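Following: one structure in structure tokens, then a few remarks.
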Amino acid sequence: MVKETIDFVRAHYESEKFIPLHEPYFAGKEKDYLNECIDTTFVSSVGKFVDKFEEDIARFTGANYAIATVNGTAALHIALQLAGVLQEDEVITQSLTFIATCNAISYIGAHPIFVDVDLSTMGLSPEKLKHFLTNETVMINGQCVNKSTKRIIKAVVPMHTFGMPINLDDLKTVCDSYNIKIVEDAAESLGSYQNNKHTGTKGLLGTLSFNGNKTITTGGGGMIITNDETLAKKAKHITTTAKIPHRWDFNHDQVGYNYRMPNINAALGCAQLENLPEILKNKRNLALKYNDFFNDKPARFVTEPENTTANYWLNAIVLDNASERDEFLTVTNNAGVMTRPIWKLMSGLPMFQKAQKGNLENSIWLEERVINIPSSVKR
Ligand SMILES: *Cc1c(COP(=O)(O)O)cnc(C)c1O
């Protein structure tokens with residue numbers, strides 16, 4: 001099967017050269033907009049492309065507000081603060097995620113708690129979350145308190161793994177009954193929908209990433225999306241050094257961050273967004289081809305969960321066991337076709353080894369079996 005996969009990927013990309021996992025696709029006005037930044041000197045933290053990119057993302061996702069940041073991790077850091085997470089609070093997330101999710105929690109001085117994912121979505125399991133909250137917490141003065149640590153659980157951060165949306169409706173029902181805010185890490189799921197709502201728009205806040213390997217890129221960049229006007233205003237304020245707008249005075253009313261996306265990055269984003277429908281179509285087409293290909297092979301191709309539309313950011317397959325996985329990784333990478341295992345569980349990393357966790361059987365099962373296969377847009 002491995003040899004056939006290599007041939008299949010090479011045939012799809014019509015290339016005998018190295019095939020990366022996911023490379024950026026520039027086919028639109030990227031150079032025009034970048035040149036415009038340079039010609040007008042607006043390359044930094046002020047400029048029309050930042051405002052336009054925010055408006056365009058808000059329109060595309062259906063969120064009322066979008067605030068551009070330097071990267072997705074910064075967006076998460078601020079979104080968690082806006083959700084009311086303070087030092088020594090606790091935040092529940094999945095152990096099967098990219099490190100940025102947990103780093104953002106740690107920047108605040110809050111503590112992550114790891115709850116299992118569902119096998120069907122690879123994202124946070126509403127059922128497992130409910131089980132954890134039922135057994136491990138008590139409500140005191142309307143706040144969800146962890147029985148063993150006595151700390152308050154302020155937020156839950158689900159992550160839509162590889163662009164596969166989790167069931168936000170079920171998650172919200174659970175979180176609402178425990179007065180816990182949802183911050184969606186939608187870094188990987190631009191263009192993914194659950195029940196026709198864009199990922200990142202059902203929680204109190206959502207965050208996106210435009211890193212070089214994501215569905216569209218601004219070089220580096222991120223976005224906070226929300227429907228809450230007050231939070232949107234605060235987000236813009238604290239990501240721009242908490243400066244009170246004035247034509248010449250420097251007035252800052254709290255400790256802020258220099259997290260604003262530069263205009264030159266937003267210019268790239270505006271051009272990329274114009275191509276997003278084409279990019280999504282192209283990626284879905286590849287996913288359909290992979291699905292057919294793996295249909296009669298000893299590997300399961302991961303498809304979008306029920307009632308969702310996935311962006312198929314990174315295509316994934318599930319192999320029988322860890323040794324099959326390692327064999328697949330070795331042979332494909334030796335042949336110049338890049339593949340990669342899913343992340344190591346966060347709960348196993350040195351800085352999170354002492355973190356509280358639920359039963360992580362699905363996370364462990366997936367960690368041993370999931371591989372990403374080439375997913376770039378075909379030119
Ligand atoms: C890419 C990504 C982020 C944000 O990454 P940045 O590189 O900071 O933009 C956050 N969470 C997940 C799950 C990601 O994949």
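Numbering starts fresh at 1 for the residues of each chain in the structure tokens, the chains themselves are lettered A, B, ... in the order given, and ligands are numbered from 1 as they appear.
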Margin query: Using only C-alpha atoms and all ligand atoms, which residues have at least one atom no more than 10 Å from ligand 1? Output them as a PyMOL selection string.
Written below: chain A and resi 69-77+96-104+158-163+184-189+207-214+217-223
Next item on the list: Please return as a list in words: the residues of range 205-261 of chain A that backbone DSSP assigns to strand (DSSP E or B).
Entry: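 Taking range 205-261 of chain A and keeping strand (DSSP E or B) gives Leu205, Gly206, Thr207, Leu208, Ser209, Gly222, Met223, Ile224, Ile225, Thr226, Thr240, Lys243, His252, Asn258 and Arg260 of chain A.
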Output the selection as a PDB file, in the first residue's frame - N, CA, C and O atoms for each residue.
```
ATOM      1  N   LEU A 205     -15.576  33.238  21.763  1.00  0.00           N
ATOM      2  CA  LEU A 205     -14.546  33.759  20.858  1.00  0.00           C
ATOM      3  C   LEU A 205     -13.956  32.582  20.081  1.00  0.00           C
ATOM      4  O   LEU A 205     -13.990  31.444  20.547  1.00  0.00           O
ATOM      5  N   GLY A 206     -13.421  32.882  18.919  1.00  0.00           N
ATOM      6  CA  GLY A 206     -12.708  31.865  18.150  1.00  0.00           C
ATOM      7  C   GLY A 206     -11.418  32.467  17.640  1.00  0.00           C
ATOM      8  O   GLY A 206     -11.271  33.692  17.573  1.00  0.00           O
ATOM      9  N   THR A 207     -10.448  31.612  17.311  1.00  0.00           N
ATOM     10  CA  THR A 207      -9.181  32.141  16.795  1.00  0.00           C
ATOM     11  C   THR A 207      -8.762  31.380  15.542  1.00  0.00           C
ATOM     12  O   THR A 207      -9.038  30.190  15.400  1.00  0.00           O
ATOM     13  N   LEU A 208      -8.105  32.111  14.640  1.00  0.00           N
ATOM     14  CA  LEU A 208      -7.620  31.532  13.387  1.00  0.00           C
ATOM     15  C   LEU A 208      -6.112  31.727  13.303  1.00  0.00           C
ATOM     16  O   LEU A 208      -5.550  32.574  13.994  1.00  0.00           O
ATOM     17  N   SER A 209      -5.469  30.965  12.435  1.00  0.00           N
ATOM     18  CA  SER A 209      -4.035  31.146  12.169  1.00  0.00           C
ATOM     19  C   SER A 209      -3.804  31.233  10.668  1.00  0.00           C
ATOM     20  O   SER A 209      -4.469  30.539   9.895  1.00  0.00           O
ATOM     21  N   GLY A 222      -2.723  35.841  12.648  1.00  0.00           N
ATOM     22  CA  GLY A 222      -3.846  35.190  13.308  1.00  0.00           C
ATOM     23  C   GLY A 222      -5.036  36.118  13.340  1.00  0.00           C
ATOM     24  O   GLY A 222      -4.954  37.266  12.865  1.00  0.00           O
ATOM     25  N   MET A 223      -6.135  35.647  13.889  1.00  0.00           N
ATOM     26  CA  MET A 223      -7.352  36.463  13.945  1.00  0.00           C
ATOM     27  C   MET A 223      -8.186  36.003  15.129  1.00  0.00           C
ATOM     28  O   MET A 223      -8.264  34.813  15.412  1.00  0.00           O
ATOM     29  N   ILE A 224      -8.769  36.980  15.813  1.00  0.00           N
ATOM     30  CA  ILE A 224      -9.763  36.687  16.844  1.00  0.00           C
ATOM     31  C   ILE A 224     -11.115  36.968  16.205  1.00  0.00           C
ATOM     32  O   ILE A 224     -11.293  38.041  15.616  1.00  0.00           O
ATOM     33  N   ILE A 225     -12.060  36.043  16.291  1.00  0.00           N
ATOM     34  CA  ILE A 225     -13.401  36.326  15.787  1.00  0.00           C
ATOM     35  C   ILE A 225     -14.412  36.193  16.921  1.00  0.00           C
ATOM     36  O   ILE A 225     -14.241  35.345  17.816  1.00  0.00           O
ATOM     37  N   THR A 226     -15.410  37.049  16.901  1.00  0.00           N
ATOM     38  CA  THR A 226     -16.432  37.026  17.954  1.00  0.00           C
ATOM     39  C   THR A 226     -17.678  37.756  17.475  1.00  0.00           C
ATOM     40  O   THR A 226     -17.617  38.567  16.544  1.00  0.00           O
ATOM     41  N   THR A 240      -3.189  46.345  20.543  1.00  0.00           N
ATOM     42  CA  THR A 240      -2.473  47.525  20.021  1.00  0.00           C
ATOM     43  C   THR A 240      -1.918  48.353  21.177  1.00  0.00           C
ATOM     44  O   THR A 240      -2.176  49.541  21.284  1.00  0.00           O
ATOM     45  N   LYS A 243      -3.370  51.449  23.596  1.00  0.00           N
ATOM     46  CA  LYS A 243      -3.214  52.889  23.352  1.00  0.00           C
ATOM     47  C   LYS A 243      -4.586  53.509  23.100  1.00  0.00           C
ATOM     48  O   LYS A 243      -5.379  52.983  22.322  1.00  0.00           O
ATOM     49  N   HIS A 252      -1.887  55.173  27.477  1.00  0.00           N
ATOM     50  CA  HIS A 252      -2.196  53.746  27.548  1.00  0.00           C
ATOM     51  C   HIS A 252      -2.880  53.489  28.888  1.00  0.00           C
ATOM     52  O   HIS A 252      -2.394  53.949  29.913  1.00  0.00           O
ATOM     53  N   ASN A 258       1.876  44.185  21.863  1.00  0.00           N
ATOM     54  CA  ASN A 258       2.143  44.553  20.474  1.00  0.00           C
ATOM     55  C   ASN A 258       1.846  43.337  19.607  1.00  0.00           C
ATOM     56  O   ASN A 258       2.736  42.645  19.138  1.00  0.00           O
ATOM     57  N   ARG A 260      -0.586  43.405  17.036  1.00  0.00           N
ATOM     58  CA  ARG A 260      -1.351  43.774  15.849  1.00  0.00           C
ATOM     59  C   ARG A 260      -0.687  43.235  14.585  1.00  0.00           C
ATOM     60  O   ARG A 260       0.537  43.310  14.439  1.00  0.00           O
TER      61      ARG A 260
END
```
Margin query: What parts of range 149-349 of chain A does DSSP call helix (DSSP H, G or I)? I'd like the answer as a ChimeraX atom specification.
Written below: /A:161-163,168-177,229-239,263-274,276-294,322-334,346-348
Margin query: Just checking: using only C-alpha atoms, which residue out of A:Thr239, A:Tyr25, A:Pro126, A:Cys175 ends up closest to Glu274 in chain A?
Written below: A:Tyr25
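Straight-line separation from CA of Val318 in chain A to CA of Arg369 in chain A: 5.3 Å.
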